[in-house]
$ cat query.cif   # mmCIF, C-alpha atoms
data_data
loop_
_atom_site.label_atom_id
_atom_site.label_comp_id
_atom_site.auth_asym_id
_atom_site.auth_seq_id
_atom_site.Cartn_x
_atom_site.Cartn_y
_atom_site.Cartn_z
CA MET B 842 -23.94 -5.18 104.48
CA PRO B 843 -22.23 -6.11 101.20
CA THR B 844 -24.45 -7.29 98.43
CA SER B 845 -23.97 -10.26 96.13
CA SER B 846 -25.80 -11.82 93.25
CA PRO B 847 -25.93 -15.60 92.78
CA SER B 848 -23.34 -15.55 90.02
CA SER B 849 -21.10 -12.83 91.40
CA ALA B 850 -17.69 -13.26 93.04
CA PHE B 851 -17.30 -12.59 96.75
CA VAL B 852 -17.51 -8.84 97.41
CA PRO B 853 -17.01 -8.38 101.18
CA ARG B 854 -17.09 -4.86 102.61
CA TYR B 855 -13.90 -5.24 104.56
CA ALA B 856 -11.86 -7.44 102.18
CA ARG B 857 -8.19 -7.46 103.07
CA ARG B 858 -6.06 -7.84 100.00
CA THR B 859 -2.65 -6.54 101.14
CA ALA B 860 -1.51 -10.10 101.66
CA THR B 861 -1.89 -10.70 97.93
CA VAL B 862 0.63 -7.98 97.12
CA ALA B 863 3.12 -9.28 99.66
CA LEU B 864 2.71 -12.83 98.39
CA ALA B 865 3.19 -11.79 94.78
CA LEU B 866 6.39 -9.94 95.68
CA ALA B 867 7.68 -12.87 97.67
CA THR B 868 6.97 -15.28 94.85
CA ALA B 869 8.53 -13.01 92.25
CA LEU B 870 11.69 -12.73 94.37
CA GLY B 871 11.91 -16.49 94.60
CA VAL B 872 11.12 -16.83 98.30
CA THR B 873 10.82 -20.54 99.06
CA ALA B 874 9.95 -22.72 101.96
CA CYS B 875 12.67 -25.25 102.69
CA GLY B 876 12.06 -28.84 101.80
CA SER B 877 15.13 -31.06 101.60
CA ASP B 878 17.06 -28.05 100.31
CA ASP B 879 20.31 -26.98 101.95
CA GLU B 880 20.77 -23.33 101.05
CA SER B 881 24.44 -23.34 102.04
CA ASP B 882 25.57 -25.77 99.35
CA GLY B 883 24.79 -23.41 96.47
CA ALA B 884 22.80 -26.04 94.62
CA GLY B 885 20.96 -24.76 91.58
CA SER B 886 18.67 -26.38 89.07
CA GLY B 887 21.38 -28.78 87.92
CA SER B 888 22.92 -31.64 89.85
CA ALA B 889 23.77 -31.55 93.52
CA GLY B 890 25.58 -34.14 95.59
CA GLY B 891 27.08 -36.05 92.61
CA ASP B 892 24.41 -37.35 90.25
CA ARG B 893 21.54 -36.28 92.50
CA PRO B 894 19.53 -33.58 90.66
CA THR B 895 17.92 -30.57 92.29
CA LEU B 896 14.21 -30.04 91.64
CA THR B 897 12.22 -26.87 92.22
CA VAL B 898 8.61 -27.66 93.07
CA GLN B 899 5.98 -24.92 93.08
CA ALA B 900 3.10 -26.19 95.19
CA ALA B 901 -0.24 -25.08 96.60
CA ALA B 902 -0.06 -23.72 100.14
CA SER B 903 -2.30 -26.51 101.45
CA LEU B 904 0.45 -29.02 100.60
CA THR B 905 3.05 -27.34 102.82
CA GLY B 906 3.20 -29.80 105.71
CA ALA B 907 3.01 -33.05 103.75
CA LEU B 908 5.45 -32.07 100.99
CA THR B 909 7.97 -30.56 103.38
CA ALA B 910 7.97 -33.79 105.39
CA CYS B 911 8.17 -36.24 102.50
CA THR B 912 10.83 -34.43 100.45
CA LYS B 913 13.19 -33.72 103.33
CA ASP B 914 14.89 -37.09 102.86
CA TYR B 915 13.78 -37.78 99.30
CA GLY B 916 16.56 -39.95 97.92
CA PRO B 917 16.36 -39.51 94.12
CA ALA B 918 16.70 -35.72 94.17
CA LYS B 919 17.26 -32.64 96.29
CA VAL B 920 13.94 -30.78 96.42
CA ARG B 921 13.36 -27.05 96.76
CA LEU B 922 9.81 -26.13 97.66
CA SER B 923 8.00 -22.87 96.92
CA PHE B 924 4.49 -22.58 98.39
CA ALA B 925 1.82 -20.02 97.52
CA GLY B 926 -1.68 -19.76 96.15
CA SER B 927 -2.00 -21.90 93.02
CA ASP B 928 -2.96 -18.87 90.93
CA GLU B 929 0.17 -16.96 92.00
CA LEU B 930 2.35 -19.92 91.07
CA ALA B 931 0.61 -20.30 87.70
CA ALA B 932 1.27 -16.61 87.03
CA GLN B 933 4.97 -17.15 87.67
CA ILE B 934 5.05 -20.09 85.26
CA ARG B 935 3.33 -17.98 82.59
CA LYS B 936 6.11 -15.39 83.02
CA GLY B 937 8.78 -18.04 82.51
CA ALA B 938 9.75 -18.17 86.18
CA GLY B 939 8.52 -21.70 86.73
CA GLY B 940 10.51 -24.44 88.40
CA ASP B 941 10.42 -28.11 87.42
CA LEU B 942 7.08 -29.31 88.81
CA PHE B 943 3.81 -27.47 89.45
CA ALA B 944 1.41 -28.99 91.99
CA ALA B 945 -1.94 -27.18 92.21
CA ALA B 946 -4.97 -27.54 94.46
CA ASN B 947 -7.24 -27.85 91.45
CA ALA B 948 -7.32 -29.25 87.93
CA THR B 949 -8.22 -26.00 86.19
CA LEU B 950 -4.90 -24.16 86.44
CA PRO B 951 -2.63 -27.05 85.36
CA GLN B 952 -4.93 -27.83 82.45
CA GLU B 953 -4.97 -24.18 81.35
CA LEU B 954 -1.18 -24.09 81.47
CA ALA B 955 -1.00 -27.32 79.47
CA GLN B 956 -3.21 -25.81 76.76
CA GLU B 957 -0.84 -22.83 76.67
CA GLY B 958 2.17 -25.13 76.29
CA LYS B 959 3.63 -24.10 79.65
CA VAL B 960 3.45 -27.55 81.28
CA ASP B 961 3.12 -31.17 80.21
CA THR B 962 -0.11 -33.15 80.56
CA PRO B 963 -1.36 -32.76 84.17
CA VAL B 964 -1.89 -35.79 86.39
CA ALA B 965 -4.21 -36.04 89.40
CA PHE B 966 -2.30 -37.03 92.53
CA ALA B 967 -4.57 -36.28 95.51
CA GLY B 968 -7.97 -35.11 96.68
CA ASN B 969 -9.29 -33.13 99.64
CA GLU B 970 -12.55 -31.98 101.23
CA LEU B 971 -13.88 -28.45 101.60
CA VAL B 972 -15.21 -27.86 105.12
CA LEU B 973 -16.41 -25.05 107.34
CA ALA B 974 -13.80 -24.45 110.04
CA VAL B 975 -14.68 -23.01 113.45
CA PRO B 976 -12.82 -22.72 116.78
CA ALA B 977 -12.65 -25.99 118.71
CA THR B 978 -14.13 -24.28 121.76
CA GLY B 979 -16.54 -21.37 122.01
CA ALA B 980 -17.60 -21.51 118.38
CA LYS B 981 -20.29 -18.98 117.49
CA VAL B 982 -21.68 -21.13 114.66
CA ASP B 983 -21.83 -24.83 113.83
CA SER B 984 -23.62 -24.90 110.48
CA LEU B 985 -24.30 -22.97 107.31
CA GLU B 986 -27.77 -22.16 108.64
CA ALA B 987 -26.24 -20.54 111.72
CA ILE B 988 -24.03 -18.37 109.53
CA ALA B 989 -26.97 -17.24 107.42
CA ASP B 990 -29.03 -16.44 110.52
CA GLY B 991 -26.27 -14.67 112.46
CA ASP B 992 -26.14 -10.97 111.66
CA ASP B 993 -22.88 -10.53 113.60
CA VAL B 994 -21.07 -13.58 112.19
CA ARG B 995 -17.77 -12.83 110.45
CA LEU B 996 -16.63 -15.19 107.68
CA ALA B 997 -13.31 -15.67 105.84
CA VAL B 998 -13.02 -17.18 102.37
CA GLY B 999 -10.38 -17.59 99.70
CA ALA B 1000 -10.27 -15.10 96.85
CA PRO B 1001 -12.25 -16.31 93.82
CA SER B 1002 -9.06 -16.74 91.78
CA VAL B 1003 -7.54 -19.33 94.13
CA PRO B 1004 -8.79 -22.93 94.31
CA VAL B 1005 -10.20 -22.79 97.84
CA GLY B 1006 -12.18 -19.68 96.91
CA SER B 1007 -13.43 -21.25 93.70
CA TYR B 1008 -14.51 -24.41 95.52
CA THR B 1009 -16.31 -22.27 98.10
CA GLN B 1010 -18.20 -20.44 95.37
CA LYS B 1011 -19.24 -23.76 93.84
CA ALA B 1012 -20.54 -25.02 97.18
CA LEU B 1013 -22.46 -21.85 98.01
CA GLY B 1014 -23.77 -21.66 94.46
CA ARG B 1015 -25.72 -24.86 95.12
CA LEU B 1016 -27.62 -23.37 98.06
CA PRO B 1017 -31.02 -21.66 97.82
CA GLN B 1018 -30.58 -18.07 96.70
CA ALA B 1019 -31.68 -16.43 99.96
CA GLN B 1020 -29.36 -18.59 102.08
CA ARG B 1021 -26.45 -18.07 99.70
CA LYS B 1022 -26.87 -14.30 99.79
CA ALA B 1023 -27.11 -14.25 103.58
CA ILE B 1024 -23.87 -16.23 103.89
CA LEU B 1025 -22.04 -14.04 101.38
CA ASP B 1026 -23.15 -11.00 103.36
CA ARG B 1027 -21.11 -12.36 106.31
CA VAL B 1028 -17.85 -12.43 104.34
CA ARG B 1029 -15.36 -10.02 105.87
CA THR B 1030 -12.13 -11.00 104.14
CA GLU B 1031 -10.91 -12.77 101.02
CA GLU B 1032 -7.45 -14.28 101.26
CA PRO B 1033 -4.78 -15.23 98.67
CA ASP B 1034 -4.38 -18.83 99.84
CA VAL B 1035 -5.95 -21.31 102.23
CA LYS B 1036 -3.28 -20.84 104.92
CA SER B 1037 -4.16 -17.17 105.11
CA VAL B 1038 -7.87 -18.01 105.38
CA LEU B 1039 -7.19 -20.36 108.29
CA ALA B 1040 -4.91 -17.80 109.95
CA LYS B 1041 -7.74 -15.26 110.10
CA LEU B 1042 -9.82 -17.81 112.01
CA GLN B 1043 -7.04 -18.74 114.40
CA GLN B 1044 -6.28 -15.08 115.07
CA GLY B 1045 -9.91 -14.45 116.02
CA VAL B 1046 -10.48 -12.03 113.15
CA VAL B 1047 -13.43 -14.13 111.95
CA ASP B 1048 -15.82 -16.67 113.45
CA ALA B 1049 -15.70 -19.25 110.67
CA ALA B 1050 -13.81 -20.00 107.46
CA PHE B 1051 -14.00 -22.25 104.44
CA VAL B 1052 -10.81 -24.34 104.23
CA TYR B 1053 -9.74 -27.91 103.47
CA ARG B 1054 -10.12 -30.71 105.97
CA THR B 1055 -6.36 -31.30 105.93
CA ASP B 1056 -5.76 -27.73 107.11
CA VAL B 1057 -8.06 -28.33 110.07
CA THR B 1058 -6.25 -31.59 110.86
CA ALA B 1059 -2.91 -29.76 110.84
CA THR B 1060 -4.05 -27.49 113.70
CA LYS B 1061 -4.00 -30.54 116.01
CA GLY B 1062 -7.31 -29.77 117.67
CA ALA B 1063 -7.20 -25.97 117.77
CA VAL B 1064 -9.88 -25.82 115.07
CA LYS B 1065 -12.67 -28.23 114.21
CA ALA B 1066 -14.31 -29.04 110.90
CA VAL B 1067 -18.01 -28.87 110.14
CA ALA B 1068 -18.77 -31.08 107.13
CA LEU B 1069 -20.73 -29.51 104.31
CA PRO B 1070 -23.90 -31.21 103.08
CA THR B 1071 -23.06 -33.87 100.51
CA ALA B 1072 -25.38 -32.25 97.96
CA ILE B 1073 -23.31 -29.05 97.81
CA ARG B 1074 -19.83 -30.44 98.46
CA PRO B 1075 -17.47 -29.84 95.50
CA LYS B 1076 -14.98 -32.45 94.36
CA VAL B 1077 -11.52 -31.18 95.32
CA SER B 1078 -8.84 -32.57 93.01
CA TYR B 1079 -5.12 -31.79 93.05
CA GLU B 1080 -3.18 -32.04 89.79
CA ALA B 1081 0.51 -31.67 89.00
CA ALA B 1082 2.51 -31.28 85.81
CA VAL B 1083 6.13 -31.04 84.73
CA VAL B 1084 7.02 -27.52 83.60
CA THR B 1085 7.85 -27.27 79.90
CA GLY B 1086 11.57 -26.91 79.28
CA SER B 1087 12.62 -28.27 82.67
CA GLU B 1088 16.20 -29.51 82.61
CA GLN B 1089 15.20 -32.12 85.17
CA ALA B 1090 12.07 -33.41 83.45
CA ALA B 1091 12.81 -37.09 84.10
CA ALA B 1092 13.39 -36.50 87.82
CA ALA B 1093 10.29 -34.28 88.00
CA LYS B 1094 8.18 -37.03 86.44
CA ALA B 1095 9.56 -39.50 88.97
CA LEU B 1096 8.61 -37.19 91.84
CA LEU B 1097 5.13 -36.77 90.37
CA GLU B 1098 4.69 -40.53 90.35
CA ASP B 1099 5.93 -40.61 93.94
CA LEU B 1100 3.23 -38.08 94.82
CA ARG B 1101 0.65 -40.47 93.44
CA SER B 1102 1.74 -43.74 94.97
CA GLY B 1103 5.17 -43.55 96.60
CA THR B 1104 6.60 -42.16 99.82
CA CYS B 1105 5.12 -38.72 99.22
CA GLY B 1106 1.78 -40.28 98.33
CA ALA B 1107 1.82 -42.08 101.68
CA ALA B 1108 2.70 -38.80 103.43
CA LEU B 1109 -0.26 -37.12 101.75
CA ARG B 1110 -2.62 -39.87 102.88
CA THR B 1111 -1.24 -39.65 106.44
CA ALA B 1112 -1.90 -35.89 106.39
CA GLY B 1113 -5.51 -36.59 105.44
CA PHE B 1114 -5.40 -36.05 101.69
CA LEU B 1115 -7.57 -38.39 99.68
CA ALA B 1116 -6.42 -40.72 96.95
CA PRO B 1117 -6.64 -39.35 93.38
CA GLY B 1118 -10.22 -39.34 92.18
CA ALA B 1119 -11.73 -40.00 95.62
CA ALA B 1120 -14.77 -37.92 96.59
CA GLY B 1121 -14.43 -35.48 99.46
#
$ encode --input "query.cif" --output "structure tokens"
Amino acid sequence: MPTSSPSSAFVPRYARRTATVALALATALGVTACGSDDESDGAGSGSAGGDRPTLTVQAAASLTGALTACTKDYGPAKVRLSFAGSDELAAQIRKGAGGDLFAAANATLPQELAQEGKVDTPVAFAGNELVLAVPATGAKVDSLEAIADGDDVRLAVGAPSVPVGSYTQKALGRLPQAQRKAILDRVRTEEPDVKSVLAKLQQGVVDAAFVYRTDVTATKGAVKAVALPTAIRPKVSYEAAVVTGSEQAAAAKALLEDLRSGTCGAALRTAGFLAPGAAG
């Protein structure tokens, strides 16, 4: 069994990190998920379709469904979406490969980038809830206690550098030491983003995983959520910021406001995201 101390990062015996390398390469090469972007029109970071600007949005993987849906027909601008782990996207911005708007699954990364002068002042636009995800049928565990007591339980978590992994560490860090250690001993893989964590559960590689409630909702019943005790539940806040030097800063700010209270904000609420500042 792997060993962990209360303050240590996850150190699973069978951690699978190859996905991180692939993701970094994909991000560096500019691989994007399509939003309202039409690749055939050759639109760049300037205007497209007359006065309609083109925005590149780098967003946390957990926002994939909601942002893809709400920006497909976004009137004020043509939107290109690039999804990955928030830490990978922040690394790209630090290297000068940022787009126009950065939307992260935490407040830490946008605020760090703002202090470095890489982005403008971050704004909270949504919240979420960290949950324990298990198969909808035939689940081996249904609580944190069951994980700690099950010697053969396999658990997936996010890498400590990504928001979902950081939130998981915060939650487990509030448990009694013996229970925390027992749960960490069940970790079999750390993943580079929340979608990869969920995929390991759906593929049957693990028996349970720490993800966001919205990711469970998106499976349409294939996976169910087990709520964490209120006393250990971390506050999950999403913040976004306009990238410094963006040629489309005004349009990016408008989209950020839309994420808070416009069409995209409504799409986020429909997908299960909480209003800014709401507790998970």
$ residues_around --input "query.cif" --residues "region 1047-1061 of chain B" --least-positions-apart "2" --cutoff "8 Å" --atoms "only C-alpha atoms" --output "JSON list (two decimals) with C-alpha atoms, keeping the file's coordinate frame"
[["chain", "number", "residue", "atom", "x", "y", "z"],
["B", 903, "SER", "CA", -2.30, -26.51, 101.45],
["B", 906, "GLY", "CA", 3.20, -29.80, 105.71],
["B", 969, "ASN", "CA", -9.29, -33.13, 99.64],
["B", 970, "GLU", "CA", -12.55, -31.98, 101.23],
["B", 971, "LEU", "CA", -13.88, -28.45, 101.60],
["B", 972, "VAL", "CA", -15.21, -27.86, 105.12],
["B", 973, "LEU", "CA", -16.41, -25.05, 107.34],
["B", 974, "ALA", "CA", -13.80, -24.45, 110.04],
["B", 975, "VAL", "CA", -14.68, -23.01, 113.45],
["B", 976, "PRO", "CA", -12.82, -22.72, 116.78],
["B", 980, "ALA", "CA", -17.60, -21.51, 118.38],
["B", 981, "LYS", "CA", -20.29, -18.98, 117.49],
["B", 982, "VAL", "CA", -21.68, -21.13, 114.66],
["B", 994, "VAL", "CA", -21.07, -13.58, 112.19],
["B", 995, "ARG", "CA", -17.77, -12.83, 110.45],
["B", 996, "LEU", "CA", -16.63, -15.19, 107.68],
["B", 997, "ALA", "CA", -13.31, -15.67, 105.84],
["B", 998, "VAL", "CA", -13.02, -17.18, 102.37],
["B", 999, "GLY", "CA", -10.38, -17.59, 99.70],
["B", 1005, "VAL", "CA", -10.20, -22.79, 97.84],
["B", 1009, "THR", "CA", -16.31, -22.27, 98.10],
["B", 1029, "ARG", "CA", -15.36, -10.02, 105.87],
["B", 1035, "VAL", "CA", -5.95, -21.31, 102.23],
["B", 1036, "LYS", "CA", -3.28, -20.84, 104.92],
["B", 1038, "VAL", "CA", -7.87, -18.01, 105.38],
["B", 1039, "LEU", "CA", -7.19, -20.36, 108.29],
["B", 1041, "LYS", "CA", -7.74, -15.26, 110.10],
["B", 1042, "LEU", "CA", -9.82, -17.81, 112.01],
["B", 1044, "GLN", "CA", -6.28, -15.08, 115.07],
["B", 1045, "GLY", "CA", -9.91, -14.45, 116.02],
["B", 1063, "ALA", "CA", -7.20, -25.97, 117.77],
["B", 1064, "VAL", "CA", -9.88, -25.82, 115.07],
["B", 1065, "LYS", "CA", -12.67, -28.23, 114.21],
["B", 1066, "ALA", "CA", -14.31, -29.04, 110.90],
["B", 1112, "ALA", "CA", -1.90, -35.89, 106.39],
["B", 1113, "GLY", "CA", -5.51, -36.59, 105.44],
["B", 1114, "PHE", "CA", -5.40, -36.05, 101.69]]
$ resolve_selection --input "query.cif" --expression "the PyMOL selection byres ((chain B and resi 908) around 9)" --output "compact mmCIF listing (two decimals) with C-alpha atoms, in the coordinates of the input"
# COMPACT_ATOMS: atom_id res chain seq x y z
CA GLY B 876 12.06 -28.84 101.80
CA ALA B 900 3.10 -26.19 95.19
CA LEU B 904 0.45 -29.02 100.60
CA THR B 905 3.05 -27.34 102.82
CA GLY B 906 3.20 -29.80 105.71
CA ALA B 907 3.01 -33.05 103.75
CA THR B 909 7.97 -30.56 103.38
CA ALA B 910 7.97 -33.79 105.39
CA CYS B 911 8.17 -36.24 102.50
CA THR B 912 10.83 -34.43 100.45
CA LYS B 913 13.19 -33.72 103.33
CA LEU B 922 9.81 -26.13 97.66
CA LEU B 1100 3.23 -38.08 94.82
CA CYS B 1105 5.12 -38.72 99.22
CA ALA B 1108 2.70 -38.80 103.43
CA LEU B 1109 -0.26 -37.12 101.75
$ residues_around --input "query.cif" --residues "Ala1000 (chain B)" --least-positions-apart "6" --cutoff "6 Å" --atoms "only C-alpha atoms" --output "list in words"
Gly1006, Glu1031, Glu1032 and Pro1033 of chain B
$ closest_residue --input "query.cif" --among "B:Glu929, B:Asp1099, B:Glu1080, B:Asp992" --to "Thr949 (chain B)" --atoms "only C-alpha atoms"
B:Glu1080
$ atom_distance --input "query.cif" --atom1 "CA of Asp1034 (chain B)" --atom2 "CA of Ser1087 (chain B)"
25.9 Å
$ resolve_selection --input "query.cif" --expression "the PyMOL selection byres ((chain B and resi 1086) around 10)" --output "number ranges by chain"
B: 937, 939-941, 959-961, 1083-1085, 1087-1090
$ atom_distance --input "query.cif" --atom1 "CA of Thr897 (chain B)" --atom2 "CA of Lys936 (chain B)"
15.9 Å
$ closest_residue --input "query.cif" --among "B:Ala967, B:Leu1096, B:Val1003, B:Leu954" --to "Thr1111 (chain B)" --atoms "only C-alpha atoms"
B:Ala967
$ closest_residue --input "query.cif" --among "B:Leu1069, B:Val1028, B:Val964, B:Ile934" --to "Arg1015 (chain B)" --atoms "only C-alpha atoms"
B:Leu1069
$ axis_aligned_box --input "query.cif" --around "region 1061-1065 of chain B" --padding-each-side "6 Å" --output "JSON"
{"center_x": -8.3, "center_y": -28.2, "center_z": 116.0, "size_x": 20.7, "size_y": 16.7, "size_z": 15.6}
$ resolve_selection --input "query.cif" --expression "the PyMOL selection byres ((chain B and resi 1081) around 10)" --output "PyMOL selection string"
chain B and resi 898-900+942-948+950-952+960-967+1079-1080+1082-1084+1094+1097-1098+1100-1101
$ atom_distance --input "query.cif" --atom1 "CA of Ala989 (chain B)" --atom2 "CA of Arg1074 (chain B)"
17.5 Å
$ residues_near_point --input "query.cif" --point "(-14.3, -33.9, 97.1)" --cutoff "10 Å" --atoms "only C-alpha atoms" --output "count of residues only"
17
$ decode --input "query.cif" --residues "region 982-992 of chain B" --atoms "all heavy atoms" --output "PDB file, in the first residue's frame"
ATOM      1  N   VAL B 982     -18.896   0.904  -2.987  1.00  0.00           N
ATOM      2  CA  VAL B 982     -18.889   1.758  -1.799  1.00  0.00           C
ATOM      3  C   VAL B 982     -19.968   2.830  -1.932  1.00  0.00           C
ATOM      4  O   VAL B 982     -20.397   3.169  -3.039  1.00  0.00           O
ATOM      5  CB  VAL B 982     -17.516   2.436  -1.598  1.00  0.00           C
ATOM      6  CG1 VAL B 982     -16.447   1.405  -1.290  1.00  0.00           C
ATOM      7  CG2 VAL B 982     -17.133   3.265  -2.824  1.00  0.00           C
ATOM      8  N   ASP B 983     -20.392   3.369  -0.793  1.00  0.00           N
ATOM      9  CA  ASP B 983     -21.395   4.433  -0.818  1.00  0.00           C
ATOM     10  C   ASP B 983     -21.095   5.516   0.219  1.00  0.00           C
ATOM     11  O   ASP B 983     -21.963   6.321   0.544  1.00  0.00           O
ATOM     12  CB  ASP B 983     -22.792   3.862  -0.579  1.00  0.00           C
ATOM     13  CG  ASP B 983     -22.916   3.144   0.759  1.00  0.00           C
ATOM     14  OD1 ASP B 983     -21.926   3.113   1.514  1.00  0.00           O
ATOM     15  OD2 ASP B 983     -24.000   2.613   1.040  1.00  0.00           O
ATOM     16  N   SER B 984     -19.854   5.529   0.709  1.00  0.00           N
ATOM     17  CA  SER B 984     -19.476   6.527   1.711  1.00  0.00           C
ATOM     18  C   SER B 984     -17.966   6.558   1.854  1.00  0.00           C
ATOM     19  O   SER B 984     -17.250   5.648   1.401  1.00  0.00           O
ATOM     20  CB  SER B 984     -20.101   6.180   3.067  1.00  0.00           C
ATOM     21  OG  SER B 984     -19.529   4.983   3.579  1.00  0.00           O
ATOM     22  N   LEU B 985     -17.481   7.609   2.497  1.00  0.00           N
ATOM     23  CA  LEU B 985     -16.052   7.693   2.782  1.00  0.00           C
ATOM     24  C   LEU B 985     -15.620   6.593   3.738  1.00  0.00           C
ATOM     25  O   LEU B 985     -14.521   6.038   3.621  1.00  0.00           O
ATOM     26  CB  LEU B 985     -15.724   9.063   3.384  1.00  0.00           C
ATOM     27  CG  LEU B 985     -15.942  10.286   2.482  1.00  0.00           C
ATOM     28  CD1 LEU B 985     -15.593  11.564   3.239  1.00  0.00           C
ATOM     29  CD2 LEU B 985     -15.117  10.185   1.208  1.00  0.00           C
ATOM     30  N   GLU B 986     -16.485   6.264   4.674  1.00  0.00           N
ATOM     31  CA  GLU B 986     -16.177   5.192   5.635  1.00  0.00           C
ATOM     32  C   GLU B 986     -15.965   3.864   4.913  1.00  0.00           C
ATOM     33  O   GLU B 986     -15.061   3.091   5.248  1.00  0.00           O
ATOM     34  CB  GLU B 986     -17.303   5.068   6.652  1.00  0.00           C
ATOM     35  CG  GLU B 986     -17.408   6.221   7.628  1.00  0.00           C
ATOM     36  CD  GLU B 986     -18.077   7.446   7.025  1.00  0.00           C
ATOM     37  OE1 GLU B 986     -18.635   7.339   5.919  1.00  0.00           O
ATOM     38  OE2 GLU B 986     -18.038   8.520   7.674  1.00  0.00           O
ATOM     39  N   ALA B 987     -16.797   3.603   3.900  1.00  0.00           N
ATOM     40  CA  ALA B 987     -16.678   2.352   3.150  1.00  0.00           C
ATOM     41  C   ALA B 987     -15.371   2.297   2.372  1.00  0.00           C
ATOM     42  O   ALA B 987     -14.774   1.217   2.212  1.00  0.00           O
ATOM     43  CB  ALA B 987     -17.862   2.194   2.207  1.00  0.00           C
ATOM     44  N   ILE B 988     -14.923   3.437   1.886  1.00  0.00           N
ATOM     45  CA  ILE B 988     -13.638   3.474   1.187  1.00  0.00           C
ATOM     46  C   ILE B 988     -12.502   3.170   2.163  1.00  0.00           C
ATOM     47  O   ILE B 988     -11.621   2.351   1.886  1.00  0.00           O
ATOM     48  CB  ILE B 988     -13.411   4.851   0.530  1.00  0.00           C
ATOM     49  CG1 ILE B 988     -14.427   5.088  -0.579  1.00  0.00           C
ATOM     50  CG2 ILE B 988     -11.989   4.949  -0.031  1.00  0.00           C
ATOM     51  CD1 ILE B 988     -14.331   6.465  -1.212  1.00  0.00           C
ATOM     52  N   ALA B 989     -12.533   3.811   3.306  1.00  0.00           N
ATOM     53  CA  ALA B 989     -11.480   3.605   4.300  1.00  0.00           C
ATOM     54  C   ALA B 989     -11.427   2.167   4.786  1.00  0.00           C
ATOM     55  O   ALA B 989     -10.346   1.629   5.065  1.00  0.00           O
ATOM     56  CB  ALA B 989     -11.688   4.553   5.477  1.00  0.00           C
ATOM     57  N   ASP B 990     -12.588   1.518   4.864  1.00  0.00           N
ATOM     58  CA  ASP B 990     -12.652   0.151   5.389  1.00  0.00           C
ATOM     59  C   ASP B 990     -12.431  -0.915   4.329  1.00  0.00           C
ATOM     60  O   ASP B 990     -12.227  -2.088   4.667  1.00  0.00           O
ATOM     61  CB  ASP B 990     -14.011  -0.085   6.051  1.00  0.00           C
ATOM     62  CG  ASP B 990     -14.214   0.766   7.287  1.00  0.00           C
ATOM     63  OD1 ASP B 990     -13.199   1.236   7.855  1.00  0.00           O
ATOM     64  OD2 ASP B 990     -15.379   0.989   7.673  1.00  0.00           O
ATOM     65  N   GLY B 991     -12.474  -0.539   3.050  1.00  0.00           N
ATOM     66  CA  GLY B 991     -12.369  -1.531   1.981  1.00  0.00           C
ATOM     67  C   GLY B 991     -10.964  -1.683   1.451  1.00  0.00           C
ATOM     68  O   GLY B 991     -10.479  -0.835   0.684  1.00  0.00           O
ATOM     69  N   ASP B 992     -10.299  -2.757   1.819  1.00  0.00           N
ATOM     70  CA  ASP B 992      -8.908  -2.950   1.399  1.00  0.00           C
ATOM     71  C   ASP B 992      -8.753  -3.058  -0.112  1.00  0.00           C
ATOM     72  O   ASP B 992      -7.694  -2.735  -0.666  1.00  0.00           O
ATOM     73  CB  ASP B 992      -8.330  -4.213   2.053  1.00  0.00           C
ATOM     74  CG  ASP B 992      -8.140  -4.044   3.554  1.00  0.00           C
ATOM     75  OD1 ASP B 992      -8.080  -2.891   3.995  1.00  0.00           O
ATOM     76  OD2 ASP B 992      -8.070  -5.066   4.262  1.00  0.00           O
TER      77      ASP B 992
END
